[in-house]
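To be precise, the following lines are coords.txt, and they hold compact mmCIF, C-alpha atoms and all ligand atoms.
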# COMPACT_ATOMS: atom_id res chain seq x y z
CA MET A 1 53.26 -1.78 -62.30
CA THR A 2 54.27 -1.31 -58.66
CA ALA A 3 53.17 -4.17 -56.41
CA THR A 4 51.04 -2.60 -53.69
CA PRO A 5 50.21 -4.59 -50.53
CA ARG A 6 46.75 -5.19 -52.03
CA HIS A 7 48.29 -6.66 -55.21
CA GLN A 8 50.58 -8.84 -53.11
CA GLN A 9 47.63 -10.07 -51.05
CA LEU A 10 45.63 -10.96 -54.17
CA TYR A 11 48.64 -12.66 -55.72
CA SER A 12 49.41 -14.71 -52.63
CA SER A 13 45.82 -15.96 -52.55
CA HIS A 14 46.25 -17.24 -56.14
CA PHE A 15 43.79 -14.70 -57.50
CA GLU A 16 44.57 -15.41 -61.16
CA THR A 17 44.23 -19.16 -60.65
CA LYS A 18 40.82 -18.64 -59.08
CA VAL A 19 39.65 -16.43 -61.94
CA VAL A 20 40.85 -18.81 -64.67
CA LEU A 21 39.29 -21.88 -63.02
CA ARG A 22 35.92 -20.15 -62.63
CA ARG A 23 35.89 -18.87 -66.18
CA GLN A 24 36.70 -22.36 -67.40
CA ALA A 25 33.96 -23.93 -65.26
CA LEU A 26 31.35 -21.65 -66.85
CA LEU A 27 32.23 -22.80 -70.38
CA ASP A 28 30.16 -25.98 -70.05
CA LEU A 29 27.20 -24.36 -68.34
CA PRO A 30 24.10 -23.15 -70.20
CA ASP A 31 22.52 -19.69 -69.89
CA PRO A 32 21.30 -18.14 -67.71
CA LEU A 33 24.47 -18.26 -65.61
CA ARG A 34 23.70 -17.83 -61.94
CA VAL A 35 26.42 -18.11 -59.32
CA LEU A 36 26.04 -18.29 -55.56
CA ASP A 37 29.28 -16.93 -54.10
CA ALA A 38 29.05 -18.20 -50.51
CA TYR A 39 32.34 -16.62 -49.32
CA HIS A 40 31.86 -13.35 -51.15
CA GLY A 41 34.28 -10.99 -49.38
CA GLN A 42 34.49 -7.96 -51.63
CA GLY A 43 33.47 -10.07 -54.63
CA GLU A 44 36.79 -9.38 -56.31
CA VAL A 45 37.14 -12.79 -57.93
CA TRP A 46 33.69 -12.75 -59.54
CA THR A 47 33.99 -9.11 -60.59
CA GLU A 48 37.09 -10.11 -62.53
CA VAL A 49 35.51 -13.28 -63.96
CA ALA A 50 32.47 -11.29 -65.13
CA ARG A 51 34.76 -8.67 -66.70
CA ARG A 52 36.42 -11.37 -68.83
CA LEU A 53 33.19 -13.11 -69.91
CA ASP A 54 31.33 -12.43 -73.11
CA ARG A 55 27.94 -13.33 -71.64
CA PRO A 56 26.12 -12.13 -68.53
CA VAL A 57 26.48 -13.82 -65.17
CA GLU A 58 24.28 -13.11 -62.17
CA VAL A 59 26.23 -13.34 -58.91
CA VAL A 60 24.56 -13.51 -55.50
CA GLY A 61 27.02 -13.23 -52.61
CA ILE A 62 26.94 -14.34 -48.99
CA ASP A 63 29.34 -13.02 -46.37
CA LYS A 64 29.29 -12.94 -42.60
CA ALA A 65 31.20 -9.67 -42.47
CA PRO A 66 29.22 -6.46 -42.69
CA GLY A 67 30.22 -4.80 -45.93
CA GLU A 68 28.80 -4.09 -49.31
CA ASP A 69 25.21 -2.87 -48.92
CA SER A 70 23.69 -4.45 -51.99
CA PRO A 71 20.58 -6.53 -52.63
CA ALA A 72 22.91 -9.04 -54.32
CA VAL A 73 24.80 -9.74 -51.07
CA LEU A 74 23.21 -11.66 -48.20
CA HIS A 75 24.85 -11.01 -44.86
CA GLY A 76 25.13 -13.86 -42.38
CA ASP A 77 26.77 -17.17 -41.70
CA ASN A 78 26.75 -19.05 -44.98
CA ARG A 79 25.76 -22.29 -43.21
CA LYS A 80 22.46 -20.70 -42.18
CA VAL A 81 21.88 -19.07 -45.55
CA LEU A 82 22.75 -22.23 -47.51
CA ARG A 83 20.16 -24.12 -45.47
CA ALA A 84 17.50 -21.46 -46.06
CA ILE A 85 17.54 -20.45 -49.73
CA ASP A 86 16.76 -22.31 -52.95
CA LEU A 87 20.13 -23.64 -54.14
CA ASP A 88 18.87 -25.45 -57.21
CA ARG A 89 18.37 -22.21 -59.12
CA TYR A 90 22.16 -21.72 -59.33
CA SER A 91 24.44 -22.95 -62.10
CA LEU A 92 27.46 -23.01 -59.78
CA ILE A 93 28.06 -22.66 -56.04
CA ASP A 94 31.35 -21.10 -54.98
CA LEU A 95 32.94 -22.07 -51.64
CA ASP A 96 36.08 -19.88 -51.68
CA ALA A 97 36.96 -20.63 -48.05
CA TYR A 98 39.99 -19.74 -45.97
CA GLY A 99 40.07 -23.31 -44.65
CA MET A 100 38.01 -26.42 -45.29
CA PRO A 101 34.36 -25.70 -46.16
CA THR A 102 33.23 -28.96 -44.59
CA GLU A 103 29.78 -28.12 -43.26
CA GLN A 104 29.02 -25.92 -46.24
CA LEU A 105 29.84 -28.70 -48.72
CA ARG A 106 27.71 -31.16 -46.79
CA ILE A 107 24.72 -28.76 -46.90
CA VAL A 108 25.15 -28.21 -50.63
CA ALA A 109 25.50 -31.97 -51.22
CA ASP A 110 22.22 -32.55 -49.36
CA ARG A 111 20.23 -29.68 -50.83
CA ALA A 112 21.56 -29.27 -54.39
CA PRO A 113 23.57 -32.38 -55.17
CA HIS A 114 23.81 -31.74 -58.90
CA VAL A 115 24.97 -28.15 -58.77
CA PRO A 116 28.74 -28.04 -59.44
CA VAL A 117 30.85 -26.64 -56.61
CA MET A 118 33.91 -24.46 -57.08
CA ALA A 119 35.96 -24.79 -53.90
CA THR A 120 39.04 -23.53 -52.14
CA VAL A 121 40.38 -25.99 -49.57
CA ILE A 122 43.28 -24.86 -47.37
CA GLN A 123 44.91 -26.65 -44.49
CA HIS A 124 48.36 -27.16 -42.94
CA THR A 125 49.94 -29.89 -45.08
CA ILE A 126 50.05 -32.10 -42.02
CA GLY A 127 47.26 -30.87 -39.82
CA PRO A 128 44.12 -31.74 -37.94
CA LEU A 129 41.14 -33.12 -39.78
CA PRO A 130 37.71 -31.59 -39.00
CA ARG A 131 35.92 -33.71 -36.43
CA THR A 132 32.90 -34.05 -38.71
CA ILE A 133 35.07 -35.90 -41.23
CA MET A 134 36.71 -38.08 -38.58
CA ARG A 135 33.31 -39.01 -37.23
CA ASP A 136 31.79 -39.68 -40.67
CA LEU A 137 34.71 -41.87 -41.73
CA GLY A 138 34.98 -43.66 -38.40
CA ILE A 139 38.52 -42.43 -37.75
CA PRO A 140 39.17 -42.60 -34.01
CA ALA A 141 40.25 -39.39 -32.29
CA MET A 142 43.98 -39.46 -31.65
CA PRO A 143 44.76 -36.89 -28.98
CA ASP A 144 48.36 -36.48 -27.90
CA LYS A 145 48.50 -37.81 -24.33
CA ARG A 146 50.55 -34.87 -23.10
CA THR A 147 48.83 -31.93 -24.79
CA GLY A 148 45.38 -33.33 -25.55
CA VAL A 149 45.79 -31.88 -29.05
CA TYR A 150 44.85 -34.07 -31.99
CA VAL A 151 47.77 -35.74 -33.71
CA PRO A 152 48.19 -34.16 -37.13
CA ILE A 153 47.64 -36.38 -40.16
CA ARG A 154 47.79 -36.04 -43.93
CA TRP A 155 44.34 -34.46 -44.18
CA ASP A 156 43.92 -34.38 -47.94
CA ILE A 157 43.61 -38.15 -48.39
CA TRP A 158 40.76 -38.27 -45.87
CA TRP A 159 39.17 -35.08 -47.15
CA TRP A 160 38.83 -36.48 -50.68
CA TRP A 161 37.54 -39.79 -49.38
CA TRP A 162 34.92 -37.90 -47.40
CA VAL A 163 34.00 -35.72 -50.43
CA ALA A 164 33.50 -38.90 -52.49
CA GLN A 165 31.18 -40.23 -49.80
CA LEU A 166 29.07 -37.11 -50.25
CA GLY A 167 28.64 -38.27 -53.86
CA TYR A 168 31.16 -35.98 -55.56
CA THR A 169 33.15 -38.45 -57.60
CA HIS A 170 34.80 -35.97 -59.97
CA ARG A 171 37.25 -33.19 -59.28
CA SER A 172 39.54 -31.06 -61.38
CA GLY A 173 41.75 -28.41 -59.97
CA VAL A 174 45.22 -27.37 -58.93
CA ARG A 175 47.12 -27.99 -55.73
CA PHE A 176 49.84 -25.83 -54.20
CA ALA A 177 51.98 -27.05 -51.31
CA GLU A 178 53.38 -24.04 -49.46
CA GLY A 179 53.43 -25.15 -45.84
CA MET A 180 49.72 -24.90 -46.18
CA THR A 181 48.31 -27.16 -48.87
CA LYS A 182 45.89 -25.22 -51.05
CA TRP A 183 43.54 -26.85 -53.51
CA TYR A 184 41.45 -24.85 -55.95
CA GLY A 185 38.97 -26.42 -58.32
CA LEU A 186 35.67 -27.87 -59.34
CA ILE A 187 33.87 -30.70 -57.54
CA THR A 188 31.04 -32.48 -59.36
CA ARG A 189 29.15 -35.73 -59.68
CA PRO A 190 27.81 -37.43 -62.81
CA ALA A 191 24.63 -35.87 -64.21
CA PRO A 192 21.43 -37.74 -63.30
CA PRO A 193 20.10 -40.04 -66.04
CA ARG A 194 17.73 -38.25 -68.42
CA PRO A 195 14.15 -39.48 -68.27
CA ALA A 196 13.25 -41.76 -71.20
CA ASP A 197 11.18 -40.09 -73.96
C1 LIG B 201 38.84 -15.94 -49.06
S1 LIG B 201 37.72 -14.66 -48.66
C2 LIG B 201 36.73 -14.67 -50.07
C3 LIG B 201 37.22 -13.75 -51.15
C4 LIG B 201 36.19 -13.55 -52.21
N1 LIG B 201 35.92 -14.77 -52.94
C5 LIG B 201 36.55 -12.42 -53.14
O1 LIG B 201 36.46 -12.58 -54.36
O2 LIG B 201 36.88 -11.32 -52.68
C6 LIG B 201 36.71 -15.40 -47.46
C7 LIG B 201 35.48 -14.60 -47.02
O3 LIG B 201 34.61 -15.52 -46.40
C8 LIG B 201 33.94 -14.89 -45.35
N2 LIG B 201 33.49 -15.97 -44.46
C9 LIG B 201 34.25 -16.81 -43.71
N3 LIG B 201 33.47 -17.71 -43.06
C10 LIG B 201 32.18 -17.42 -43.41
C11 LIG B 201 30.92 -17.97 -43.06
N4 LIG B 201 30.81 -19.04 -42.22
N5 LIG B 201 29.80 -17.44 -43.59
C12 LIG B 201 29.88 -16.37 -44.45
N6 LIG B 201 31.05 -15.79 -44.81
C13 LIG B 201 32.19 -16.31 -44.30
C14 LIG B 201 34.95 -13.93 -44.75
O4 LIG B 201 34.27 -12.85 -44.11
C15 LIG B 201 35.72 -13.49 -46.01
O5 LIG B 201 35.20 -12.29 -46.52
Let's see the structure in the file written out as structure tokens.
Ligand SMILES: C[S@@+](CC[C@H](N)C(=O)[O-])C[C@H]1O[C@@H](n2cnc3c(N)ncnc32)[C@H](O)[C@@H]1O
Amino acid sequence: MTATPRHQQLYSSHFETKVVLRRQALLDLPDPLRVLDAYHGQGEVWTEVARRLDRPVEVVGIDKAPGEDSPAVLHGDNRKVLRAIDLDRYSLIDLDAYGMPTEQLRIVADRAPHVPVMATVIQHTIGPLPRTIMRDLGIPAMPDKRTGVYVPIRWDIWWWWWVAQLGYTHRSGVRFAEGMTKWYGLITRPAPPRPAD
């Protein structure tokens, strides 16, 4: 098969890794499978996951870019949509971000803490940490005196500390270091105790 620019783009965004991780995450989840794909794009990842599944999965997408005109895609900033719709009806929430889905994860943690989150987290390996995280963790701002730009730090240590403070104590995924550090995987917390009979 000839590698077209589109194939190269999908490959460089670890398309296959994303598909395999999502398919694996669904194995433990009961029917009906309902996924909220909060960074939907063209929905290519979930189209491929659904194609490889032997049971139905309902996918509702959110994307800020105008695109697919479908009742299954909500157009708008996912932060607004995630605050507005019922999140508990979903089996899995997908945050396939280009960067760090900080605000989005906080909203999901507040509104649907027990729904597992499939996330993509991308940042320069040594790069700035979102101010929300610095503020939440009490890390003082460290601007360079000359440029006023924040001094880069190893963000991933602080990111995972912050994620744990949201209550997500479990994660399983894969990490690629390619100048940018990319992490793909599932973020969860222990299931709530079942009520006594
Ligand atoms: C990495 S792509 C997602 C690819 C997608 N999972 C797929 O299968 O094709 C990121 C998408 O997120 C969208 N996006 C970025 N920030 C957003 C936001 N705050 N709210 C909604 N969509 C956003 C972009 O428009 C882009 O389509």
Restrict the calculation to only C-alpha atoms, then for each residue of range 62-139 of chain A with any atom at most 7 Å from an atom of range 171-191 of chain A give the closest atom pair and their distance in Å to one decimal, rows by chain and rising residue number, as a Markdown table.
| residue | atom | partner | partner_atom | distance |
| --- | --- | --- | --- | --- |
| A:His114 | CA | A:Arg189 | CA | 6.7 |
| A:Pro116 | CA | A:Thr188 | CA | 5.0 |
| A:Val117 | CA | A:Ile187 | CA | 5.1 |
| A:Met118 | CA | A:Leu186 | CA | 4.5 |
| A:Ala119 | CA | A:Gly185 | CA | 5.6 |
| A:Thr120 | CA | A:Tyr184 | CA | 4.7 |
| A:Val121 | CA | A:Trp183 | CA | 5.1 |
| A:Ile122 | CA | A:Lys182 | CA | 4.5 |
| A:Gln123 | CA | A:Met180 | CA | 5.4 |
| A:His124 | CA | A:Met180 | CA | 4.2 |
| A:Thr125 | CA | A:Thr181 | CA | 4.9 |
Open item on the list: As a quick test: using all atoms listed in the file, which residues lie no more than 10 Å away from ligand LIG 201 (chain B)? Give them as a PyMOL selection string.
Closed with: chain A and resi 10+13+15+18-19+37-49+61-67+74-82+94-99+101+103-104+120
Task: Between CA of Leu27 in chain A and CA of Arg89 in chain A, distance in Å (one decimal) - done: 17.9 Å
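Shell of range 130-143 of chain A at 12 Å, with all atoms listed in the file counted and residues fewer than 6 places along the chain excluded, is Gly99, Met100, Pro101, Thr102, Glu103, Gln104, Leu105, Arg106, Gln123, Val149, Tyr150, Val151, Pro152, Ile153, Trp155, Asp156, Ile157, Trp158, Trp159, Trp160, Trp161, Trp162, Val163, Ala164, Gln165 and Leu166 of chain A.
For the set A:Arg111, A:Arg34, A:Arg23, A:His170, the residue with the smallest atom-to-atom gap to Val59 in chain A is A:Arg34, counting all atoms listed in the file.
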